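Have a look at target-v1.tsv; it's TSV, C-alpha atoms and all ligand atoms:
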chain	number	residue	atom	x	y	z
A	486	MET	CA	112.36	30.84	124.34
A	487	GLU	CA	109.39	33.13	124.00
A	488	LEU	CA	107.50	34.01	127.16
A	489	ILE	CA	103.90	35.22	126.96
A	490	ILE	CA	102.59	36.33	130.34
A	491	LEU	CA	98.85	36.97	130.48
A	492	PRO	CA	95.90	37.24	132.83
A	493	SER	CA	94.82	33.68	133.58
A	494	HIS	CA	91.63	33.85	131.49
A	495	ASP	CA	93.57	34.65	128.29
A	496	VAL	CA	96.10	31.79	128.47
A	497	ASP	CA	93.99	29.12	126.75
A	498	ALA	CA	92.91	31.21	123.76
A	499	VAL	CA	96.44	32.46	123.05
A	500	ALA	CA	97.99	28.98	123.34
A	501	ALA	CA	95.23	27.52	121.14
A	502	ARG	CA	95.83	30.17	118.50
A	503	LEU	CA	99.54	29.25	118.35
A	504	VAL	CA	98.70	25.56	118.03
A	505	ALA	CA	96.05	26.17	115.38
A	506	ASP	CA	98.40	28.36	113.33
A	507	ASP	CA	101.02	25.59	113.26
A	508	LEU	CA	98.46	22.93	112.31
A	509	ARG	CA	96.97	25.06	109.55
A	510	ALA	CA	100.46	25.67	108.15
A	511	ALA	CA	101.30	21.95	108.29
A	512	SER	CA	97.82	20.90	107.19
A	513	PRO	CA	96.79	18.31	108.26
A	514	GLY	CA	99.80	18.28	110.62
A	515	VAL	CA	100.90	16.20	113.57
A	516	LEU	CA	99.86	17.37	117.04
A	517	GLY	CA	101.50	16.39	120.31
A	518	VAL	CA	98.93	16.24	123.10
A	519	ALA	CA	99.36	16.28	126.86
A	520	THR	CA	97.19	15.26	129.78
A	521	GLY	CA	96.86	16.96	133.15
A	522	SER	CA	94.51	19.86	133.85
A	523	SER	CA	96.60	22.62	132.21
A	524	PRO	CA	95.86	21.78	128.55
A	525	LEU	CA	92.11	21.21	129.03
A	526	GLY	CA	91.21	24.84	128.36
A	527	VAL	CA	93.41	24.81	125.26
A	528	TYR	CA	91.42	21.85	123.93
A	529	ALA	CA	88.21	23.73	124.72
A	530	ALA	CA	89.46	26.78	122.80
A	531	LEU	CA	90.44	24.57	119.83
A	532	GLU	CA	86.97	23.02	119.99
A	533	ARG	CA	85.43	26.50	119.65
A	534	MET	CA	87.58	27.23	116.58
A	535	ILE	CA	86.46	23.95	115.03
A	536	ALA	CA	82.80	24.73	115.77
A	537	ALA	CA	83.26	28.13	114.13
A	538	GLY	CA	84.70	26.46	111.02
A	539	ASP	CA	88.16	28.00	111.54
A	540	LEU	CA	90.00	24.72	112.03
A	541	ASP	CA	89.63	21.11	110.92
A	542	LEU	CA	91.56	18.36	112.72
A	543	SER	CA	89.75	15.41	111.14
A	544	ARG	CA	92.90	14.38	109.22
A	545	THR	CA	95.45	15.53	111.82
A	546	ARG	CA	97.52	12.86	113.54
A	547	ALA	CA	98.21	13.08	117.25
A	548	PHE	CA	100.58	11.48	119.75
A	549	ALA	CA	100.21	11.62	123.51
A	550	LEU	CA	103.20	12.16	125.77
A	551	ASP	CA	102.69	9.40	128.26
A	552	GLU	CA	100.56	6.66	129.85
A	553	TYR	CA	100.42	4.80	133.14
A	554	VAL	CA	101.75	1.24	133.16
A	555	GLY	CA	99.23	-1.47	133.90
A	556	ILE	CA	96.10	0.66	133.99
A	557	PRO	CA	93.17	-0.85	132.05
A	558	ALA	CA	92.56	1.12	128.83
A	559	ASP	CA	88.90	1.57	129.84
A	560	HIS	CA	89.82	3.01	133.28
A	561	PRO	CA	88.49	6.60	133.12
A	562	GLU	CA	91.86	7.99	134.25
A	563	SER	CA	94.03	6.02	131.86
A	564	TYR	CA	95.58	8.57	129.55
A	565	ALA	CA	94.12	6.61	126.62
A	566	ALA	CA	90.64	7.33	128.05
A	567	VAL	CA	91.45	10.97	128.87
A	568	ILE	CA	92.78	11.62	125.37
A	569	ARG	CA	89.76	9.90	123.81
A	570	ARG	CA	87.38	12.02	125.91
A	571	GLU	CA	89.14	15.38	125.89
A	572	VAL	CA	90.87	15.35	122.52
A	573	VAL	CA	89.53	12.81	120.01
A	574	GLU	CA	85.84	13.32	120.75
A	575	ARG	CA	85.91	17.06	121.40
A	576	LEU	CA	88.14	17.93	118.46
A	577	GLY	CA	86.50	15.62	115.92
A	578	MET	CA	89.71	13.68	115.34
A	579	ASN	CA	89.92	10.25	113.74
A	580	PRO	CA	90.62	7.76	116.59
A	581	ALA	CA	92.79	5.72	114.22
A	582	PHE	CA	95.07	8.75	113.85
A	583	VAL	CA	95.58	9.33	117.58
A	584	ARG	CA	98.08	7.26	119.54
A	585	VAL	CA	98.87	6.90	123.23
A	586	PRO	CA	101.80	4.77	124.48
A	587	ASP	CA	100.60	1.25	125.28
A	588	GLY	CA	100.99	0.81	129.04
A	589	ARG	CA	99.40	-2.65	128.87
A	590	ALA	CA	101.85	-4.14	126.37
A	591	ASP	CA	103.49	-7.45	127.31
A	592	ASP	CA	106.80	-6.05	126.12
A	593	LEU	CA	106.94	-2.44	127.29
A	594	GLU	CA	110.35	-1.73	125.80
A	595	LEU	CA	109.15	-2.90	122.40
A	596	ALA	CA	106.04	-0.72	122.79
A	597	CYS	CA	108.29	2.29	123.48
A	598	ALA	CA	110.48	1.57	120.43
A	599	GLU	CA	107.37	1.18	118.25
A	600	TYR	CA	105.99	4.46	119.57
A	601	GLU	CA	109.17	6.29	118.61
A	602	ALA	CA	109.03	4.67	115.17
A	603	ALA	CA	105.39	5.70	114.72
A	604	ILE	CA	106.21	9.35	115.46
A	605	ARG	CA	109.10	9.22	112.98
A	606	HIS	CA	106.88	7.52	110.39
A	607	ALA	CA	104.30	10.32	110.76
A	608	GLY	CA	107.05	12.80	109.92
A	609	GLY	CA	107.59	14.08	113.47
A	610	ILE	CA	105.45	16.35	115.61
A	611	ASP	CA	104.66	19.82	114.26
A	612	VAL	CA	103.46	21.31	117.52
A	613	GLN	CA	103.55	19.81	121.00
A	614	ILE	CA	101.26	21.03	123.78
A	615	LEU	CA	102.93	20.71	127.19
A	616	GLY	CA	102.00	21.18	130.81
A	617	ILE	CA	104.58	21.18	133.57
A	618	GLY	CA	104.74	19.45	136.93
A	619	ALA	CA	105.48	21.48	140.07
A	620	ASN	CA	108.81	19.61	140.23
A	621	GLY	CA	109.58	20.62	136.65
A	622	HIS	CA	108.60	17.36	134.98
A	623	ILE	CA	107.44	17.38	131.36
A	624	GLY	CA	105.50	14.37	130.15
A	625	PHE	CA	106.47	12.05	132.99
A	626	ASN	CA	110.17	12.88	132.82
A	627	GLU	CA	110.82	13.28	136.49
A	628	PRO	CA	113.86	15.07	137.95
A	629	SER	CA	117.09	13.19	137.10
A	630	SER	CA	115.74	12.08	133.69
A	631	SER	CA	118.38	12.15	130.99
A	632	LEU	CA	118.00	15.22	128.83
A	633	ALA	CA	118.61	12.99	125.77
A	634	SER	CA	116.10	10.32	126.82
A	635	ARG	CA	113.70	8.62	124.42
A	636	THR	CA	110.32	6.96	125.08
A	637	ARG	CA	110.80	4.51	127.95
A	638	VAL	CA	109.47	3.11	131.22
A	639	LYS	CA	109.85	5.42	134.24
A	640	THR	CA	109.07	5.20	137.94
A	641	LEU	CA	106.75	7.95	139.16
A	642	THR	CA	107.94	9.99	142.11
A	643	ARG	CA	105.92	10.00	145.31
A	644	ALA	CA	105.24	13.73	144.73
A	645	THR	CA	103.78	13.13	141.28
A	646	ARG	CA	101.68	10.21	142.49
A	647	GLU	CA	100.33	12.41	145.28
A	648	ALA	CA	99.64	15.26	142.83
A	649	ASN	CA	97.74	12.87	140.55
A	650	ALA	CA	95.90	11.13	143.41
A	651	ARG	CA	93.06	13.63	142.89
A	652	PHE	CA	92.05	11.66	139.80
A	653	PHE	CA	91.86	8.38	141.74
A	654	ASP	CA	90.07	7.19	144.91
A	655	ASP	CA	93.33	6.91	146.81
A	656	VAL	CA	97.03	7.58	146.26
A	657	ALA	CA	97.59	3.81	146.54
A	658	ASP	CA	95.53	3.44	143.33
A	659	VAL	CA	97.86	5.70	141.33
A	660	PRO	CA	100.13	3.47	139.23
A	661	THR	CA	103.80	3.43	140.22
A	662	HIS	CA	105.21	3.34	136.68
A	663	CYS	CA	104.54	4.95	133.34
A	664	LEU	CA	105.65	5.08	129.74
A	665	THR	CA	106.72	8.53	128.66
A	666	GLN	CA	108.22	10.18	125.64
A	667	GLY	CA	111.76	11.14	126.60
A	668	ILE	CA	113.05	14.66	126.86
A	669	GLY	CA	114.98	14.04	123.63
A	670	THR	CA	111.75	12.89	121.96
A	671	ILE	CA	109.90	16.00	123.12
A	672	LEU	CA	112.71	18.27	121.90
A	673	ASP	CA	112.35	16.79	118.39
A	674	ALA	CA	108.97	18.53	117.92
A	675	GLN	CA	109.08	21.58	115.66
A	676	HIS	CA	107.36	23.88	118.16
A	677	LEU	CA	106.69	23.43	121.88
A	678	VAL	CA	103.80	25.33	123.47
A	679	LEU	CA	103.83	25.03	127.27
A	680	VAL	CA	100.89	26.27	129.33
A	681	ALA	CA	101.05	26.89	133.08
A	682	ARG	CA	98.93	28.67	135.62
A	683	GLY	CA	99.20	29.39	139.29
A	684	GLU	CA	101.75	29.99	142.01
A	685	ALA	CA	102.33	26.23	142.42
A	686	LYS	CA	104.07	26.21	139.02
A	687	ALA	CA	106.07	29.43	139.56
A	688	GLU	CA	109.33	27.82	140.66
A	689	ALA	CA	109.20	25.20	137.90
A	690	ILE	CA	108.65	28.00	135.37
A	691	ARG	CA	111.55	30.00	136.78
A	692	GLN	CA	113.85	26.99	136.55
A	693	ALA	CA	112.60	26.17	133.04
A	694	ALA	CA	113.16	29.70	131.75
A	695	GLU	CA	116.06	31.01	133.82
A	696	GLY	CA	117.68	28.13	135.66
A	697	PRO	CA	120.74	26.21	134.57
A	698	VAL	CA	119.97	23.41	132.09
A	699	SER	CA	119.93	20.48	134.45
A	700	ALA	CA	118.26	17.11	134.93
A	701	ARG	CA	117.27	18.42	138.37
A	702	TRP	CA	114.54	20.45	136.57
A	703	PRO	CA	113.65	18.52	133.38
A	704	ALA	CA	111.80	21.46	131.80
A	705	SER	CA	115.07	23.47	131.80
A	706	ALA	CA	115.95	21.32	128.74
A	707	LEU	CA	113.45	23.45	126.81
A	708	GLN	CA	116.18	26.11	126.71
A	709	LEU	CA	117.99	23.83	124.23
A	710	HIS	CA	115.09	24.06	121.74
A	711	PRO	CA	114.98	26.87	119.18
A	712	ASN	CA	111.20	27.26	119.09
A	713	VAL	CA	109.51	27.17	122.50
A	714	THR	CA	106.64	29.35	123.67
A	715	LEU	CA	105.64	29.49	127.33
A	716	VAL	CA	102.10	30.80	127.72
A	717	ILE	CA	101.67	31.42	131.42
A	718	ASP	CA	99.60	33.48	133.79
A	719	ASP	CA	100.82	36.17	136.16
A	720	ASP	CA	100.98	33.77	139.14
A	721	ALA	CA	103.05	31.18	137.24
A	722	ALA	CA	105.36	34.06	136.21
A	723	SER	CA	105.71	35.37	139.77
A	724	HIS	CA	109.19	33.89	140.42
A	725	LEU	CA	110.73	35.20	137.19
A	801	LIG	C1	100.96	14.86	134.73
A	801	LIG	C2	101.25	14.72	133.24
A	801	LIG	C3	102.05	15.89	132.72
A	801	LIG	C4	101.42	17.19	133.18
A	801	LIG	C5	101.45	17.26	134.69
A	801	LIG	C6	100.89	18.56	135.27
A	801	LIG	O1	101.97	14.38	135.54
A	801	LIG	N1	101.94	13.51	132.93
A	801	LIG	O2	102.09	15.83	131.28
A	801	LIG	O3	102.12	18.29	132.63
A	801	LIG	O4	100.67	16.18	135.17
A	801	LIG	O5	99.51	18.45	135.42
A	801	LIG	P1	98.53	19.67	135.69
A	801	LIG	O6	98.45	20.41	134.41
A	801	LIG	O7	97.23	19.02	136.05
A	801	LIG	O8	99.12	20.46	136.78
Output the file's structure in the form of structure tokens.
Amino acid sequence: MELIILPSHDVDAVAARLVADDLRAASPGVLGVATGSSPLGVYAALERMIAAGDLDLSRTRAFALDEYVGIPADHPESYAAVIRREVVERLGMNPAFVRVPDGRADDLELACAEYEAAIRHAGGIDVQILGIGANGHIGFNEPSSSLASRTRVKTLTRATREANARFFDDVADVPTHCLTQGIGTILDAQHLVLVARGEAKAEAIRQAAEGPVSARWPASALQLHPNVTLVIDDDAASHL
């Protein structure tokens, strides 16, 4: 695991450079995208590279990590909508090449199996952008998730629903279930680039980098991957 600790304002540009290098090498490549606030600056930095003519993602495929179950696709906080707004539109990607798990499917298990098959069919993910939850979740793999898990339905913890309530009118409006790539699915990507900022993430980062590999802190499974880069600010590194 490579750790890059930087002043907060440098995190996005450095993470974006790593992602862009992988995608240029794989051209057009397959990008794994994440939601949450942490990756937004990375997308903005990628957008600047594209505007400068240094990167072209128009033929790049992308797969999102997760989606709420039951949320209408046109709800502004569905991950389908967030990815469309923050990734597809900003990065000039082809919407037909960008997939988000289908949280509205009649058969959710089938939707999960098809999602796994689609990633395989695309040749696997070249570089996966990750955030991290304060409880160490990656994607929506909450504590106690199997480290070998594949894309599946999960129940969201109360803590995660409360953390994500800021995107909704009320915590009661935050869906109770989600579809998420499993930890095993995430570990199949060629390169994982995790971004984190702030003291609230410091313990999760410590457990991810230095803790025992344990389902108690799902991000500790990253220690099993040969090519992981944590790009974090001084506050997120403060428990190391
Ligand atoms: C959500 C997402 C995760 C993300 C986490 C942290 O739960 N499913 O992929 O890493 O939030 O979000 P933030 O970056 O806003 O702290």
Counting all atoms listed in the file, which residues of chain A sit at most 10 Å from some atom of ligand LIG 801 (chain A), and what is each one's closest atom pair with its distance in Å to one decimal, listed by chain and rising residue number, as a tab-separated table?
residue	atom	partner	partner_atom	distance
A:Val518	CA	A:LIG801	O2	8.8
A:Ala519	CA	A:LIG801	O2	5.2
A:Thr520	CA	A:LIG801	O2	5.2
A:Gly521	CA	A:LIG801	O7	3.6
A:Ser522	CA	A:LIG801	O7	3.6
A:Ser523	CA	A:LIG801	O6	3.6
A:Pro524	CA	A:LIG801	O6	6.6
A:Leu525	CA	A:LIG801	O6	8.4
A:Ala549	CA	A:LIG801	O2	9.0
A:Leu550	CA	A:LIG801	O2	6.7
A:Asp551	CA	A:LIG801	N1	6.3
A:Glu552	CA	A:LIG801	N1	7.6
A:Tyr553	CA	A:LIG801	N1	8.8
A:Tyr564	CA	A:LIG801	N1	8.7
A:Ile614	CA	A:LIG801	O2	9.2
A:Leu615	CA	A:LIG801	O3	6.0
A:Gly616	CA	A:LIG801	O3	3.4
A:Ile617	CA	A:LIG801	O3	3.9
A:Gly618	CA	A:LIG801	C6	4.3
A:Ala619	CA	A:LIG801	O8	7.2
A:Asn620	CA	A:LIG801	C6	9.4
A:Gly621	CA	A:LIG801	O3	8.8
A:His622	CA	A:LIG801	O3	7.0
A:Ile623	CA	A:LIG801	O3	5.5
A:Gly624	CA	A:LIG801	O2	3.9
A:Phe625	CA	A:LIG801	N1	4.8
A:Asn626	CA	A:LIG801	N1	8.3
A:Glu627	CA	A:LIG801	O1	9.0
A:Leu641	CA	A:LIG801	O1	8.8
A:Thr642	CA	A:LIG801	O1	9.9
A:Ala644	CA	A:LIG801	O1	9.8
A:Thr645	CA	A:LIG801	O1	6.1
A:Arg646	CA	A:LIG801	O1	8.1
A:Ala648	CA	A:LIG801	O1	7.7
A:Asn649	CA	A:LIG801	O1	6.7
A:Arg651	CA	A:LIG801	O7	9.7
A:Phe652	CA	A:LIG801	O7	9.8
A:Cys663	CA	A:LIG801	N1	9.0
A:Leu664	CA	A:LIG801	N1	9.7
A:Thr665	CA	A:LIG801	N1	8.1
A:Leu679	CA	A:LIG801	O3	8.8
A:Val680	CA	A:LIG801	O6	8.1
A:Ala681	CA	A:LIG801	O6	7.1
A:Arg682	CA	A:LIG801	O8	8.3
A:Gly683	CA	A:LIG801	O8	9.3
A:Ala685	CA	A:LIG801	O8	8.7
A:Lys686	CA	A:LIG801	O8	7.9
Using C-alpha atoms, can you write the selected residues to a file as a PDB file, keeping the file's coordinate frame?
ATOM      1  CA  VAL A 518      98.930  16.240 123.100  1.00  0.00           C
ATOM      2  CA  ALA A 519      99.360  16.280 126.860  1.00  0.00           C
ATOM      3  CA  THR A 520      97.190  15.260 129.780  1.00  0.00           C
ATOM      4  CA  GLY A 521      96.860  16.960 133.150  1.00  0.00           C
ATOM      5  CA  SER A 522      94.510  19.860 133.850  1.00  0.00           C
ATOM      6  CA  SER A 523      96.600  22.620 132.210  1.00  0.00           C
ATOM      7  CA  PRO A 524      95.860  21.780 128.550  1.00  0.00           C
ATOM      8  CA  LEU A 525      92.110  21.210 129.030  1.00  0.00           C
ATOM      9  CA  ALA A 549     100.210  11.620 123.510  1.00  0.00           C
ATOM     10  CA  LEU A 550     103.200  12.160 125.770  1.00  0.00           C
ATOM     11  CA  ASP A 551     102.690   9.400 128.260  1.00  0.00           C
ATOM     12  CA  GLU A 552     100.560   6.660 129.850  1.00  0.00           C
ATOM     13  CA  TYR A 553     100.420   4.800 133.140  1.00  0.00           C
ATOM     14  CA  TYR A 564      95.580   8.570 129.550  1.00  0.00           C
ATOM     15  CA  ILE A 614     101.260  21.030 123.780  1.00  0.00           C
ATOM     16  CA  LEU A 615     102.930  20.710 127.190  1.00  0.00           C
ATOM     17  CA  GLY A 616     102.000  21.180 130.810  1.00  0.00           C
ATOM     18  CA  ILE A 617     104.580  21.180 133.570  1.00  0.00           C
ATOM     19  CA  GLY A 618     104.740  19.450 136.930  1.00  0.00           C
ATOM     20  CA  ALA A 619     105.480  21.480 140.070  1.00  0.00           C
ATOM     21  CA  ASN A 620     108.810  19.610 140.230  1.00  0.00           C
ATOM     22  CA  GLY A 621     109.580  20.620 136.650  1.00  0.00           C
ATOM     23  CA  HIS A 622     108.600  17.360 134.980  1.00  0.00           C
ATOM     24  CA  ILE A 623     107.440  17.380 131.360  1.00  0.00           C
ATOM     25  CA  GLY A 624     105.500  14.370 130.150  1.00  0.00           C
ATOM     26  CA  PHE A 625     106.470  12.050 132.990  1.00  0.00           C
ATOM     27  CA  ASN A 626     110.170  12.880 132.820  1.00  0.00           C
ATOM     28  CA  GLU A 627     110.820  13.280 136.490  1.00  0.00           C
ATOM     29  CA  LEU A 641     106.750   7.950 139.160  1.00  0.00           C
ATOM     30  CA  THR A 642     107.940   9.990 142.110  1.00  0.00           C
ATOM     31  CA  ALA A 644     105.240  13.730 144.730  1.00  0.00           C
ATOM     32  CA  THR A 645     103.780  13.130 141.280  1.00  0.00           C
ATOM     33  CA  ARG A 646     101.680  10.210 142.490  1.00  0.00           C
ATOM     34  CA  ALA A 648      99.640  15.260 142.830  1.00  0.00           C
ATOM     35  CA  ASN A 649      97.740  12.870 140.550  1.00  0.00           C
ATOM     36  CA  ARG A 651      93.060  13.630 142.890  1.00  0.00           C
ATOM     37  CA  PHE A 652      92.050  11.660 139.800  1.00  0.00           C
ATOM     38  CA  CYS A 663     104.540   4.950 133.340  1.00  0.00           C
ATOM     39  CA  LEU A 664     105.650   5.080 129.740  1.00  0.00           C
ATOM     40  CA  THR A 665     106.720   8.530 128.660  1.00  0.00           C
ATOM     41  CA  LEU A 679     103.830  25.030 127.270  1.00  0.00           C
ATOM     42  CA  VAL A 680     100.890  26.270 129.330  1.00  0.00           C
ATOM     43  CA  ALA A 681     101.050  26.890 133.080  1.00  0.00           C
ATOM     44  CA  ARG A 682      98.930  28.670 135.620  1.00  0.00           C
ATOM     45  CA  GLY A 683      99.200  29.390 139.290  1.00  0.00           C
ATOM     46  CA  ALA A 685     102.330  26.230 142.420  1.00  0.00           C
ATOM     47  CA  LYS A 686     104.070  26.210 139.020  1.00  0.00           C
TER      48      LYS A 686
END
Please provide as a ChimeraX atom specification all residues within 12 Å of A:Asp720, with the sequence filter that same-chain residues fewer than 3 positions apart are discarded (counting all atoms listed in the file).
/A:490-493,496,681-691,716-717,723-725
Given all atoms listed in the file as the basis, pick out the residue of A:Gly669, A:Ala657, A:Val554, A:Ala529 nearest to A:Val572.
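The closest residue to A:Val572 is A:Ala529.
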Computed interatomic separation between atom CA of A:His710 and atom CA of A:Thr670 (Å):
11.7 Å
Kindly give the distance, in Å, that separates atom CA of A:Lys639 and atom CA of A:Cys597, rounded to a single decimal.
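One can read the atom CA of A:Lys639 to atom CA of A:Cys597 distance as 11.3 Å.
With all atoms listed in the file as the atoms that count, the residue of A:Ile671, A:Ala501, A:Ala581, A:Leu540 with the shortest distance to A:Glu601 is A:Ile671.
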Skip A:Asn712 itself and residues of its chain fewer than 2 positions away, then list as a PyMOL selection string all residues within 10 Å of it, counting only C-alpha atoms.
chain A and resi 486-487+612+672+674-678+707-710+714
Using all atoms listed in the file, find the one residue out of A:Thr636, A:Ser699, A:Ser543, A:Ser630 that sits nearest to A:Ala596.
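Smallest distance to A:Ala596 is found for A:Thr636.
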Identify which of the residues A:Gln613, A:Thr545, A:Ser634, A:Ser563 lies closest to A:Val713, counting all atoms listed in the file when measuring atom-to-atom distances.
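Closest residue, counting all atoms listed in the file: A:Gln613.
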Using only C-alpha atoms, find all polymer residues with an atom at most 8 Å away from the point (117.2, 13.9, 140.1); report them as a ChimeraX atom specification.
/A:627-630,700-702
Take the point (102.0, 17.0, 118.7) in the file's coordinates, draw a sphere of radius 6 Å around it, and report as a list of chain:residue names every protein, DNA or RNA residue with an atom inside or on it, counting all atoms listed in the file.
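Nearby residues: A:Val515, A:Leu516, A:Gly517, A:Val518, A:Ala547, A:Phe548, A:Ile610, A:Asp611, A:Val612, A:Gln613.
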Among listed residues A:Arg643, A:Met578, A:Val638, A:Val527, nearest A:Glu594 (using only C-alpha atoms):
A:Val638
Just how far from atom CA of A:Arg546 is atom CA of A:His662, in Å to one decimal?
26.2 Å
Pick out the residues sitting within 8 Å of A:Arg589, and hand them over as a ChimeraX atom specification; count all atoms listed in the file, and ignore anything fewer than 5 positions along from it in its own chain.
/A:554-558
Please write the residues from the selection above to a file, keeping C-alpha atoms, as a PDB file, in the coordinates of the input.
ATOM      1  CA  VAL A 554     101.750   1.240 133.160  1.00  0.00           C
ATOM      2  CA  GLY A 555      99.230  -1.470 133.900  1.00  0.00           C
ATOM      3  CA  ILE A 556      96.100   0.660 133.990  1.00  0.00           C
ATOM      4  CA  PRO A 557      93.170  -0.850 132.050  1.00  0.00           C
ATOM      5  CA  ALA A 558      92.560   1.120 128.830  1.00  0.00           C
TER       6      ALA A 558
END
